[in-house]
Structures are given as structure tokens and as C-alpha cells.
>>> print(open('my_file_9.csv').read())   # CSV, C-alpha atoms
chain,number,residue,atom,x,y,z
K,1,MET,CA,10.3,-8.6,-1.3
K,2,SER,CA,8.2,-10.2,-4.0
K,3,PRO,CA,4.6,-9.7,-5.2
K,4,ASP,CA,2.0,-11.4,-3.0
K,5,TRP,CA,0.2,-13.3,-5.8
K,6,PRO,CA,-2.8,-14.5,-3.7
K,7,LYS,CA,-3.6,-10.9,-2.8
K,8,MET,CA,-3.5,-9.9,-6.5
K,9,GLY,CA,-6.0,-12.5,-7.6
K,10,PRO,CA,-9.0,-10.4,-6.8
K,11,SER,CA,-7.5,-7.5,-8.7
K,12,LEU,CA,-7.2,-9.7,-11.8
K,13,LEU,CA,-10.7,-10.9,-11.4
K,14,ILE,CA,-12.2,-7.4,-11.1
K,15,ALA,CA,-10.2,-6.1,-14.0
K,16,THR,CA,-11.4,-9.0,-16.2
K,17,CYS,CA,-15.0,-8.4,-15.2
K,18,LEU,CA,-14.8,-4.7,-15.9
K,19,ILE,CA,-13.4,-5.4,-19.4
K,20,VAL,CA,-16.1,-7.9,-20.1
K,21,ALA,CA,-18.8,-5.5,-18.8
K,22,ILE,CA,-17.5,-2.6,-21.0
K,23,ARG,CA,-17.1,-4.7,-24.1
K,24,THR,CA,-20.6,-6.3,-23.8
K,25,ALA,CA,-22.5,-3.3,-22.6
K,26,ARG,CA,-24.1,-2.6,-26.0
K,27,TRP,CA,-25.1,-6.2,-26.6
K,28,SER,CA,-28.8,-6.6,-27.2
K,29,ALA,CA,-30.8,-8.3,-24.4
K,30,ALA,CA,-32.5,-10.5,-27.1
K,31,ILE,CA,-29.3,-12.2,-28.2
K,32,ASP,CA,-29.7,-15.7,-29.7
K,33,VAL,CA,-29.1,-18.1,-26.7
K,34,ARG,CA,-27.3,-20.7,-28.8
K,35,ASN,CA,-24.6,-18.2,-30.0
K,36,SER,CA,-24.4,-16.0,-26.9
K,37,ASN,CA,-22.5,-18.5,-24.7
K,38,SER,CA,-19.8,-19.0,-27.3
K,39,GLU,CA,-19.5,-15.2,-27.9
K,40,LEU,CA,-19.4,-14.5,-24.1
K,41,ASP,CA,-16.7,-17.2,-23.7
K,42,LYS,CA,-14.6,-15.5,-26.4
K,43,GLU,CA,-15.1,-12.1,-24.6
K,44,ILE,CA,-14.1,-13.6,-21.2
K,45,ASP,CA,-11.0,-15.2,-22.7
K,46,TYR,CA,-10.0,-11.9,-24.4
K,47,ALA,CA,-10.6,-9.9,-21.3
K,48,ALA,CA,-8.6,-12.3,-19.1
K,49,ASN,CA,-5.7,-12.1,-21.6
K,50,VAL,CA,-5.8,-8.2,-21.6
K,51,ALA,CA,-6.0,-8.0,-17.8
K,52,LYS,CA,-3.0,-10.4,-17.5
K,53,ARG,CA,-1.0,-8.4,-20.0
K,54,VAL,CA,-1.7,-5.1,-18.2
K,55,LEU,CA,-0.9,-6.6,-14.8
K,56,SER,CA,2.4,-8.0,-16.2
K,57,ALA,CA,3.3,-4.6,-17.7
K,58,LEU,CA,2.6,-2.9,-14.4
K,59,LEU,CA,4.6,-5.4,-12.5
K,60,LYS,CA,7.6,-4.8,-14.7
K,61,SER,CA,7.4,-1.0,-14.6
K,62,SER,CA,6.1,-0.3,-11.1
K,63,PRO,CA,6.2,-3.4,-8.8
K,64,SER,CA,6.0,-1.2,-5.7
K,65,ILE,CA,2.3,-0.4,-6.3
K,66,PHE,CA,1.3,-4.0,-5.6
K,67,PRO,CA,1.1,-5.7,-2.2
K,68,THR,CA,4.3,-7.5,-1.3
K,69,ARG,CA,5.2,-10.3,1.0
K,70,LYS,CA,8.4,-10.3,3.0
K,71,GLN,CA,10.5,-13.4,2.6
K,72,PRO,CA,13.3,-14.3,5.0
K,73,TRP,CA,16.7,-13.9,3.4
K,74,TYR,CA,18.1,-16.9,5.3
K,75,LYS,CA,16.8,-20.4,5.9
K,76,ALA,CA,15.7,-20.9,9.5
K,77,THR,CA,17.2,-23.8,11.3
K,78,SER,CA,16.4,-25.6,14.5
K,79,GLU,CA,19.2,-23.6,16.2
K,80,ASP,CA,17.3,-20.4,15.5
K,81,HIS,CA,14.1,-21.6,17.3
K,82,PRO,CA,15.1,-23.7,20.3
K,83,GLU,CA,12.2,-25.6,21.8
>>> encode(input="my_file_9.csv", output="C-alpha cells")
Amino acid sequence: MSPDWPKMGPSLLIATCLIVAIRTARWSAAIDVRNSNSELDKEIDYAANVAKRVLSALLKSSPSIFPTRKQPWYKATSEDHPE
């Protein structure tokens, strides 16, 4: 069995959003519009990097906590599925 990456995508997105929300919670609502986009982009990049690193560490140490996909251990042939 291997991790089911499509099912893990939402987890990565949620983790990234939470990190951005926590890191920007104290930002002033009156931030300069010209600089806020670049600062927010930096925060998003940083949060995505942190979330990926945490996910990778968890996969290495405890892969069983993530959804898995069963893969056949043999290659199906036409003999296995007669028509």
C-alpha cells in the first residue's frame, strides 16, 4: 500500500492556510496595498514549505495515519478477465 496523494491534497491546503492565518493574524488591517501582496506571497510560500516538510516528516515516521490506496501486486492480463 502507498499513500493516496490525491486524498492528501486537501490536508496540505488546509495546513498551509492555517499557517498563513496564524502568521498574519496580527497584521494591521490598514497595511499598505502596494507592499501587502508581496508580503502575503512570501508568507504563503513559507507556509507551503513548512506544511510540506511536516507532511514529509509524518509520512516517514507514521505512514499508517494517512489514507492509502491498495495497488495490485501483479499485472492483470487478458487471461485474468475473459470477455
>>> residues_around(input="my_file_9.csv", residues="Val50 (chain K)", least_positions_apart="2", cutoff="12 Å", atoms="all atoms listed in the file", output="number ranges by chain")
K: 12-13, 15-20, 43-48, 52-57
>>> closest_residue(input="my_file_9.csv", among="K:Asn49, K:Thr24, K:Leu59, K:Phe66", to="Pro6 (chain K)", atoms="only C-alpha atoms")
K:Phe66
>>> atom_distance(input="my_file_9.csv", atom1="CA of Ser28 (chain K)", atom2="CA of Leu40 (chain K)")
12.7 Å
>>> atom_distance(input="my_file_9.csv", atom1="CA of Leu58 (chain K)", atom2="CA of Lys42 (chain K)")
24.5 Å
>>> atom_distance(input="my_file_9.csv", atom1="CA of Met8 (chain K)", atom2="CA of Thr68 (chain K)")
9.7 Å
